[in-house]
>>> print(open('run16.txt').read())   # compact mmCIF, N, CA and C atoms
# COMPACT_ATOMS: atom_id res chain seq x y z
N VAL E 1 12.27 49.27 30.31
CA VAL E 1 12.78 48.00 29.84
C VAL E 1 11.95 47.53 28.65
N GLU E 2 10.62 47.70 28.75
CA GLU E 2 9.75 47.27 27.65
C GLU E 2 10.03 48.08 26.39
N THR E 3 10.28 49.38 26.55
CA THR E 3 10.57 50.24 25.41
C THR E 3 11.86 49.80 24.73
N VAL E 4 12.87 49.47 25.52
CA VAL E 4 14.15 49.03 24.96
C VAL E 4 13.97 47.71 24.22
N ALA E 5 13.20 46.80 24.79
CA ALA E 5 12.95 45.51 24.13
C ALA E 5 12.21 45.71 22.82
N TRP E 6 11.21 46.60 22.84
CA TRP E 6 10.47 46.90 21.61
C TRP E 6 11.39 47.51 20.55
N ALA E 7 12.21 48.50 20.99
CA ALA E 7 13.12 49.18 20.06
C ALA E 7 14.17 48.22 19.52
N ALA E 8 14.61 47.27 20.32
CA ALA E 8 15.63 46.31 19.88
C ALA E 8 15.10 45.43 18.76
N GLY E 9 13.81 45.21 18.75
CA GLY E 9 13.20 44.38 17.72
C GLY E 9 12.96 45.12 16.41
N ASN E 10 13.31 46.39 16.36
CA ASN E 10 13.06 47.20 15.16
C ASN E 10 14.26 47.30 14.25
N GLY E 11 15.09 46.32 14.20
CA GLY E 11 16.18 46.32 13.22
C GLY E 11 17.50 46.77 13.78
N ASP E 12 18.29 47.42 12.93
CA ASP E 12 19.67 47.84 13.23
C ASP E 12 19.71 48.74 14.46
N ARG E 13 20.33 48.27 15.51
CA ARG E 13 20.38 49.02 16.77
C ARG E 13 21.31 50.23 16.69
N SER E 14 22.30 50.20 15.82
CA SER E 14 23.26 51.31 15.75
C SER E 14 22.61 52.60 15.24
N GLU E 15 21.51 52.49 14.51
CA GLU E 15 20.84 53.68 13.99
C GLU E 15 19.43 53.81 14.55
N ASN E 16 19.13 53.06 15.59
CA ASN E 16 17.79 53.05 16.16
C ASN E 16 17.75 54.03 17.34
N GLY E 17 17.18 55.22 17.11
CA GLY E 17 17.13 56.26 18.14
C GLY E 17 16.38 55.84 19.38
N ASP E 18 15.27 55.14 19.21
CA ASP E 18 14.49 54.69 20.37
C ASP E 18 15.31 53.74 21.24
N TYR E 19 16.05 52.85 20.60
CA TYR E 19 16.87 51.88 21.34
C TYR E 19 18.00 52.60 22.07
N ILE E 20 18.70 53.49 21.36
CA ILE E 20 19.84 54.21 21.96
C ILE E 20 19.36 55.06 23.13
N TYR E 21 18.26 55.80 22.94
CA TYR E 21 17.72 56.63 24.01
C TYR E 21 17.26 55.76 25.19
N GLY E 22 16.59 54.65 24.89
CA GLY E 22 16.11 53.76 25.95
C GLY E 22 17.24 53.19 26.78
N LYS E 23 18.32 52.77 26.13
CA LYS E 23 19.49 52.24 26.86
C LYS E 23 20.11 53.33 27.73
N LYS E 24 20.20 54.54 27.19
CA LYS E 24 20.76 55.65 27.97
C LYS E 24 19.90 55.90 29.20
N ARG E 25 18.60 55.89 29.02
CA ARG E 25 17.68 56.13 30.13
C ARG E 25 17.80 55.02 31.18
N LEU E 26 17.94 53.78 30.75
CA LEU E 26 18.13 52.68 31.70
C LEU E 26 19.42 52.85 32.51
N ARG E 27 20.49 53.29 31.86
CA ARG E 27 21.75 53.53 32.58
C ARG E 27 21.57 54.63 33.62
N GLU E 28 20.84 55.70 33.27
CA GLU E 28 20.59 56.78 34.22
C GLU E 28 19.79 56.28 35.42
N ILE E 29 18.78 55.47 35.15
CA ILE E 29 17.96 54.92 36.24
C ILE E 29 18.80 54.01 37.13
N ASP E 30 19.62 53.14 36.53
CA ASP E 30 20.49 52.26 37.31
C ASP E 30 21.46 53.06 38.16
N ARG E 31 22.03 54.12 37.60
CA ARG E 31 22.96 54.97 38.35
C ARG E 31 22.26 55.60 39.55
N ARG E 32 21.04 56.08 39.34
CA ARG E 32 20.28 56.69 40.43
C ARG E 32 19.95 55.66 41.52
N ILE E 33 19.59 54.47 41.12
CA ILE E 33 19.30 53.40 42.08
C ILE E 33 20.54 53.08 42.91
N ARG E 34 21.70 52.95 42.27
CA ARG E 34 22.94 52.67 43.01
C ARG E 34 23.24 53.80 43.99
N PHE E 35 23.05 55.05 43.56
CA PHE E 35 23.27 56.20 44.43
C PHE E 35 22.37 56.13 45.66
N LEU E 36 21.08 55.87 45.45
CA LEU E 36 20.14 55.82 46.56
C LEU E 36 20.43 54.65 47.49
N ILE E 37 20.84 53.51 46.95
CA ILE E 37 21.20 52.37 47.80
C ILE E 37 22.37 52.73 48.70
N LYS E 38 23.38 53.39 48.14
CA LYS E 38 24.53 53.80 48.95
C LYS E 38 24.10 54.78 50.04
N ARG E 39 23.19 55.71 49.70
CA ARG E 39 22.71 56.68 50.70
C ARG E 39 22.00 55.97 51.83
N ILE E 40 21.16 55.01 51.48
CA ILE E 40 20.41 54.28 52.50
C ILE E 40 21.35 53.45 53.37
N GLU E 41 22.33 52.78 52.76
CA GLU E 41 23.27 51.95 53.51
C GLU E 41 24.11 52.78 54.48
N SER E 42 24.43 54.01 54.11
CA SER E 42 25.29 54.82 54.97
C SER E 42 24.49 55.73 55.90
N ALA E 43 23.17 55.68 55.82
CA ALA E 43 22.33 56.54 56.66
C ALA E 43 22.43 56.11 58.12
N GLU E 44 22.37 57.10 58.99
CA GLU E 44 22.41 56.85 60.43
C GLU E 44 21.28 57.61 61.08
N VAL E 45 20.52 56.97 61.91
CA VAL E 45 19.44 57.64 62.62
C VAL E 45 20.05 58.34 63.83
N VAL E 46 19.77 59.64 63.94
CA VAL E 46 20.25 60.43 65.07
C VAL E 46 19.02 60.90 65.83
N ASP E 47 18.90 60.47 67.07
CA ASP E 47 17.77 60.85 67.90
C ASP E 47 18.16 62.05 68.74
N PRO E 48 17.61 63.24 68.42
CA PRO E 48 17.96 64.44 69.18
C PRO E 48 17.66 64.31 70.67
N GLU E 49 16.66 63.51 71.02
CA GLU E 49 16.30 63.32 72.43
C GLU E 49 17.48 62.74 73.23
N ARG E 50 18.32 61.94 72.58
CA ARG E 50 19.45 61.31 73.27
C ARG E 50 20.61 62.28 73.45
N GLN E 51 20.51 63.46 72.87
CA GLN E 51 21.59 64.45 72.96
C GLN E 51 21.39 65.39 74.14
N GLN E 52 20.36 65.17 74.95
CA GLN E 52 20.06 66.06 76.07
C GLN E 52 21.28 66.29 76.94
N GLY E 53 21.42 67.51 77.42
CA GLY E 53 22.52 67.83 78.30
C GLY E 53 23.74 68.37 77.57
N LEU E 54 23.76 68.25 76.27
CA LEU E 54 24.89 68.80 75.51
C LEU E 54 24.74 70.31 75.41
N GLU E 55 25.81 71.01 75.63
CA GLU E 55 25.78 72.47 75.56
C GLU E 55 26.28 72.99 74.23
N GLN E 56 26.88 72.11 73.45
CA GLN E 56 27.40 72.50 72.15
C GLN E 56 26.39 72.19 71.06
N VAL E 57 26.55 72.88 69.93
CA VAL E 57 25.68 72.65 68.78
C VAL E 57 26.23 71.49 67.97
N PHE E 58 25.40 70.48 67.77
CA PHE E 58 25.72 69.35 66.92
C PHE E 58 24.53 69.08 66.02
N PHE E 59 24.65 68.09 65.16
CA PHE E 59 23.57 67.69 64.28
C PHE E 59 22.31 67.41 65.10
N GLY E 60 21.17 67.90 64.66
CA GLY E 60 19.91 67.69 65.36
C GLY E 60 19.55 68.78 66.34
N ALA E 61 20.47 69.70 66.60
CA ALA E 61 20.23 70.76 67.57
C ALA E 61 19.24 71.79 67.03
N THR E 62 18.45 72.34 67.94
CA THR E 62 17.62 73.50 67.64
C THR E 62 18.34 74.68 68.28
N VAL E 63 18.73 75.64 67.45
CA VAL E 63 19.58 76.74 67.88
C VAL E 63 18.82 78.06 67.78
N SER E 64 18.79 78.80 68.88
CA SER E 64 18.23 80.15 68.86
C SER E 64 19.40 81.12 68.87
N PHE E 65 19.31 82.14 68.05
CA PHE E 65 20.39 83.12 67.97
C PHE E 65 19.85 84.48 67.58
N SER E 66 20.66 85.50 67.81
CA SER E 66 20.28 86.85 67.40
C SER E 66 21.36 87.41 66.49
N ASP E 67 20.91 88.09 65.46
CA ASP E 67 21.81 88.75 64.51
C ASP E 67 22.33 90.02 65.18
N LEU E 68 23.62 90.17 65.28
CA LEU E 68 24.19 91.32 65.99
C LEU E 68 24.01 92.63 65.22
N ASP E 69 23.79 92.56 63.92
CA ASP E 69 23.58 93.78 63.14
C ASP E 69 22.14 94.26 63.19
N THR E 70 21.19 93.34 63.14
CA THR E 70 19.77 93.72 63.07
C THR E 70 19.01 93.45 64.36
N ALA E 71 19.61 92.76 65.31
CA ALA E 71 18.99 92.35 66.57
C ALA E 71 17.80 91.41 66.34
N GLU E 72 17.69 90.87 65.13
CA GLU E 72 16.63 89.92 64.80
C GLU E 72 16.95 88.58 65.44
N GLU E 73 15.94 87.98 66.08
CA GLU E 73 16.13 86.66 66.69
C GLU E 73 15.52 85.59 65.81
N GLN E 74 16.16 84.44 65.78
CA GLN E 74 15.72 83.36 64.92
C GLN E 74 16.04 82.02 65.58
N THR E 75 15.24 81.02 65.27
CA THR E 75 15.46 79.67 65.76
C THR E 75 15.46 78.71 64.57
N LEU E 76 16.50 77.89 64.49
CA LEU E 76 16.64 76.93 63.39
C LEU E 76 17.06 75.58 63.93
N GLN E 77 16.68 74.53 63.22
CA GLN E 77 17.12 73.19 63.58
C GLN E 77 18.09 72.70 62.51
N ILE E 78 19.17 72.08 62.92
CA ILE E 78 20.18 71.56 61.99
C ILE E 78 19.82 70.11 61.67
N VAL E 79 19.56 69.86 60.39
CA VAL E 79 19.08 68.54 59.95
C VAL E 79 19.89 68.04 58.76
N GLY E 80 19.57 66.86 58.29
CA GLY E 80 20.23 66.29 57.12
C GLY E 80 19.83 66.99 55.84
N VAL E 81 20.60 66.76 54.81
CA VAL E 81 20.38 67.41 53.51
C VAL E 81 18.97 67.14 52.99
N ASP E 82 18.50 65.92 53.12
CA ASP E 82 17.19 65.56 52.58
C ASP E 82 16.03 66.09 53.42
N GLU E 83 16.30 66.53 54.64
CA GLU E 83 15.25 67.02 55.53
C GLU E 83 15.13 68.53 55.55
N ALA E 84 16.08 69.22 54.95
CA ALA E 84 16.13 70.68 55.01
C ALA E 84 14.89 71.31 54.39
N ASP E 85 14.35 72.32 55.09
CA ASP E 85 13.21 73.09 54.61
C ASP E 85 13.25 74.44 55.33
N ALA E 86 13.80 75.44 54.67
CA ALA E 86 14.01 76.75 55.30
C ALA E 86 12.70 77.35 55.79
N SER E 87 11.60 77.10 55.09
CA SER E 87 10.31 77.67 55.50
C SER E 87 9.84 77.08 56.83
N GLN E 88 10.35 75.91 57.19
CA GLN E 88 10.01 75.26 58.45
C GLN E 88 11.10 75.46 59.51
N GLY E 89 12.13 76.25 59.18
CA GLY E 89 13.21 76.49 60.12
C GLY E 89 14.17 75.33 60.25
N ARG E 90 14.29 74.52 59.21
CA ARG E 90 15.17 73.36 59.23
C ARG E 90 16.23 73.56 58.16
N ILE E 91 17.49 73.70 58.59
CA ILE E 91 18.58 73.94 57.64
C ILE E 91 19.53 72.75 57.59
N SER E 92 20.10 72.54 56.42
CA SER E 92 21.03 71.43 56.21
C SER E 92 22.31 71.66 57.00
N TRP E 93 22.87 70.57 57.50
CA TRP E 93 24.12 70.66 58.27
C TRP E 93 25.28 71.14 57.41
N ILE E 94 25.15 71.13 56.08
CA ILE E 94 26.24 71.59 55.22
C ILE E 94 26.05 73.04 54.77
N SER E 95 24.99 73.70 55.23
CA SER E 95 24.78 75.11 54.88
C SER E 95 25.83 75.97 55.59
N PRO E 96 26.14 77.14 55.03
CA PRO E 96 27.15 78.01 55.66
C PRO E 96 26.81 78.36 57.11
N LEU E 97 25.54 78.64 57.39
CA LEU E 97 25.15 78.99 58.75
C LEU E 97 25.33 77.80 59.70
N ALA E 98 24.87 76.64 59.30
CA ALA E 98 24.99 75.45 60.16
C ALA E 98 26.46 75.11 60.41
N ARG E 99 27.26 75.18 59.37
CA ARG E 99 28.69 74.87 59.55
C ARG E 99 29.35 75.85 60.51
N ALA E 100 28.90 77.10 60.48
CA ALA E 100 29.49 78.11 61.36
C ALA E 100 29.12 77.87 62.82
N VAL E 101 27.89 77.41 63.07
CA VAL E 101 27.46 77.26 64.47
C VAL E 101 27.80 75.89 65.06
N LEU E 102 28.18 74.92 64.23
CA LEU E 102 28.54 73.62 64.78
C LEU E 102 29.67 73.76 65.80
N LYS E 103 29.49 73.13 66.93
CA LYS E 103 30.42 73.13 68.07
C LYS E 103 30.41 74.43 68.87
N ALA E 104 29.55 75.39 68.49
CA ALA E 104 29.44 76.64 69.25
C ALA E 104 28.64 76.37 70.53
N ARG E 105 28.78 77.26 71.49
CA ARG E 105 28.07 77.14 72.77
C ARG E 105 27.23 78.40 72.98
N VAL E 106 26.31 78.33 73.94
CA VAL E 106 25.49 79.48 74.28
C VAL E 106 26.41 80.64 74.66
N GLY E 107 26.14 81.81 74.08
CA GLY E 107 26.94 83.00 74.35
C GLY E 107 28.04 83.25 73.34
N ASP E 108 28.38 82.24 72.55
CA ASP E 108 29.41 82.42 71.52
C ASP E 108 28.92 83.33 70.41
N VAL E 109 29.82 84.15 69.90
CA VAL E 109 29.55 84.98 68.73
C VAL E 109 30.20 84.29 67.54
N VAL E 110 29.42 84.06 66.49
CA VAL E 110 29.86 83.30 65.33
C VAL E 110 29.73 84.16 64.09
N ARG E 111 30.75 84.10 63.24
CA ARG E 111 30.72 84.81 61.95
C ARG E 111 30.54 83.79 60.83
N PHE E 112 29.74 84.18 59.83
CA PHE E 112 29.58 83.31 58.66
C PHE E 112 29.29 84.16 57.44
N HIS E 113 29.53 83.57 56.28
CA HIS E 113 29.30 84.26 55.01
C HIS E 113 27.90 83.94 54.52
N SER E 114 27.12 84.99 54.25
CA SER E 114 25.79 84.83 53.68
C SER E 114 25.77 85.56 52.34
N PRO E 115 24.71 85.39 51.56
CA PRO E 115 24.65 86.13 50.29
C PRO E 115 24.73 87.64 50.48
N ALA E 116 24.32 88.13 51.65
CA ALA E 116 24.36 89.56 51.94
C ALA E 116 25.72 90.00 52.49
N GLY E 117 26.65 89.08 52.62
CA GLY E 117 27.97 89.40 53.15
C GLY E 117 28.23 88.69 54.47
N VAL E 118 29.26 89.10 55.15
CA VAL E 118 29.62 88.48 56.43
C VAL E 118 28.66 88.95 57.51
N ARG E 119 28.12 87.99 58.27
CA ARG E 119 27.21 88.32 59.36
C ARG E 119 27.75 87.74 60.66
N GLU E 120 27.37 88.39 61.76
CA GLU E 120 27.73 87.90 63.09
C GLU E 120 26.45 87.63 63.86
N ILE E 121 26.43 86.47 64.50
CA ILE E 121 25.27 86.11 65.32
C ILE E 121 25.77 85.66 66.69
N GLU E 122 24.90 85.80 67.68
CA GLU E 122 25.22 85.32 69.03
C GLU E 122 24.26 84.18 69.36
N ILE E 123 24.83 83.06 69.80
CA ILE E 123 24.04 81.89 70.15
C ILE E 123 23.31 82.17 71.46
N GLY E 124 21.98 82.04 71.44
CA GLY E 124 21.18 82.31 72.64
C GLY E 124 20.77 81.05 73.38
N ALA E 125 20.48 79.99 72.64
CA ALA E 125 20.04 78.74 73.28
C ALA E 125 20.32 77.56 72.35
N VAL E 126 20.58 76.42 72.97
CA VAL E 126 20.78 75.17 72.23
C VAL E 126 19.90 74.11 72.89
N ALA E 127 19.05 73.49 72.09
CA ALA E 127 18.16 72.46 72.63
C ALA E 127 18.13 71.28 71.66
N TYR E 128 17.84 70.12 72.21
CA TYR E 128 17.69 68.91 71.39
C TYR E 128 16.30 68.36 71.64
N ARG E 129 15.45 68.44 70.62
CA ARG E 129 14.04 68.01 70.76
C ARG E 129 13.75 66.89 69.81
>>> encode(input="run16.txt", output="structure tokens")
Amino acid sequence: VETVAWAAGNGDRSENGDYIYGKKRLREIDRRIRFLIKRIESAEVVDPERQQGLEQVFFGATVSFSDLDTAEEQTLQIVGVDEADASQGRISWISPLARAVLKARVGDVVRFHSPAGVREIEIGAVAYR
């Protein structure tokens, strides 16, 4: 804001690069603030502890599964977009794997598209922690 005010005082605004750039930057910042406000207003806290007893995979579930091609076992938690961290075993609910396992139950075989091609996994356990 201070930069824009300073640039505005430097004469003709139509040819003032600092002013034009500053106004553009302010619009970008305002747009980002509006986006974040909408995200916060629509956010919902989901407590996985309250999901106990569910046998299906939903948001917040920790899912153990085995790859039917490699017999590799893996455990992942389905979380929100902003919480995803693959190195910590937390995948976004909109990822191809998470979308494939949503509503699956223990023992179900699920197919999904990965960068390596179509894979099949078997759900071994579903927990809410």
>>> closest_atom_pairs(input="run16.txt", of="stretch 10-87 of chain E", to="stretch 105-126 of chain E", cutoff="5 Å", atoms="all atoms listed in the file", output="CSV")
residue,atom,partner,partner_atom,distance
E:Glu55,C,E:Arg105,CA,4.7
E:Gln56,CA,E:Arg105,CA,4.7
E:Thr62,C,E:Val126,CA,4.7
E:Val63,CA,E:Ala125,C,4.6
E:Ser64,C,E:Gly124,N,3.8
E:Phe65,CA,E:Gly124,N,4.0
E:Ser66,C,E:Glu122,N,4.1
E:Asp67,CA,E:Ile121,CA,4.4
E:Leu68,N,E:Glu120,C,4.1
>>> select_by_dssp(input="run16.txt", residues="stretch 36-123 of chain E", states="helix (DSSP H, G or I)", output="list in words")
Leu36, Ile37, Lys38, Arg39, Ile40, Glu41, Ser42, Pro48, Glu49, Arg50, Gln51, Val81, Asp82, Glu83, Ala86, Ser87, Gln88, Pro96, Leu97, Ala98, Arg99, Ala100 and Val101 of chain E
>>> atom_distance(input="run16.txt", atom1="atom N of E:Asp30", atom2="atom CA of E:Trp93")
28.3 Å
>>> atom_distance(input="run16.txt", atom1="atom N of E:Asp82", atom2="atom CA of E:Leu54")
23.5 Å
>>> residues_around(input="run16.txt", residues="E:Ala5", least_positions_apart="6", cutoff="8 Å", atoms="all atoms listed in the file", output="MDAnalysis selection string")
chainID E and resid 19 22:23
>>> atom_distance(input="run16.txt", atom1="atom C of E:Gly17", atom2="atom N of E:Thr3")
11.4 Å
>>> select_by_dssp(input="run16.txt", residues="stretch 2-128 of chain E", states="strand (DSSP E or B)", output="PyMOL selection string")
chain E and resi 56+62-67+73-79+85+90-92+105+109-114+117-127
>>> axis_aligned_box(input="run16.txt", around="stretch 77-93 of chain E", padding_each_side="5 Å", output="AutoDock Vina command-line options")
--center_x 17.6 --center_y 71.6 --center_z 58.1 --size_x 25.4 --size_y 22.1 --size_z 21.0
>>> closest_residue(input="run16.txt", among="E:Arg90, E:Arg129, E:Lys38, E:Lys103", to="E:Val57", atoms="only N, CA and C atoms")
E:Lys103
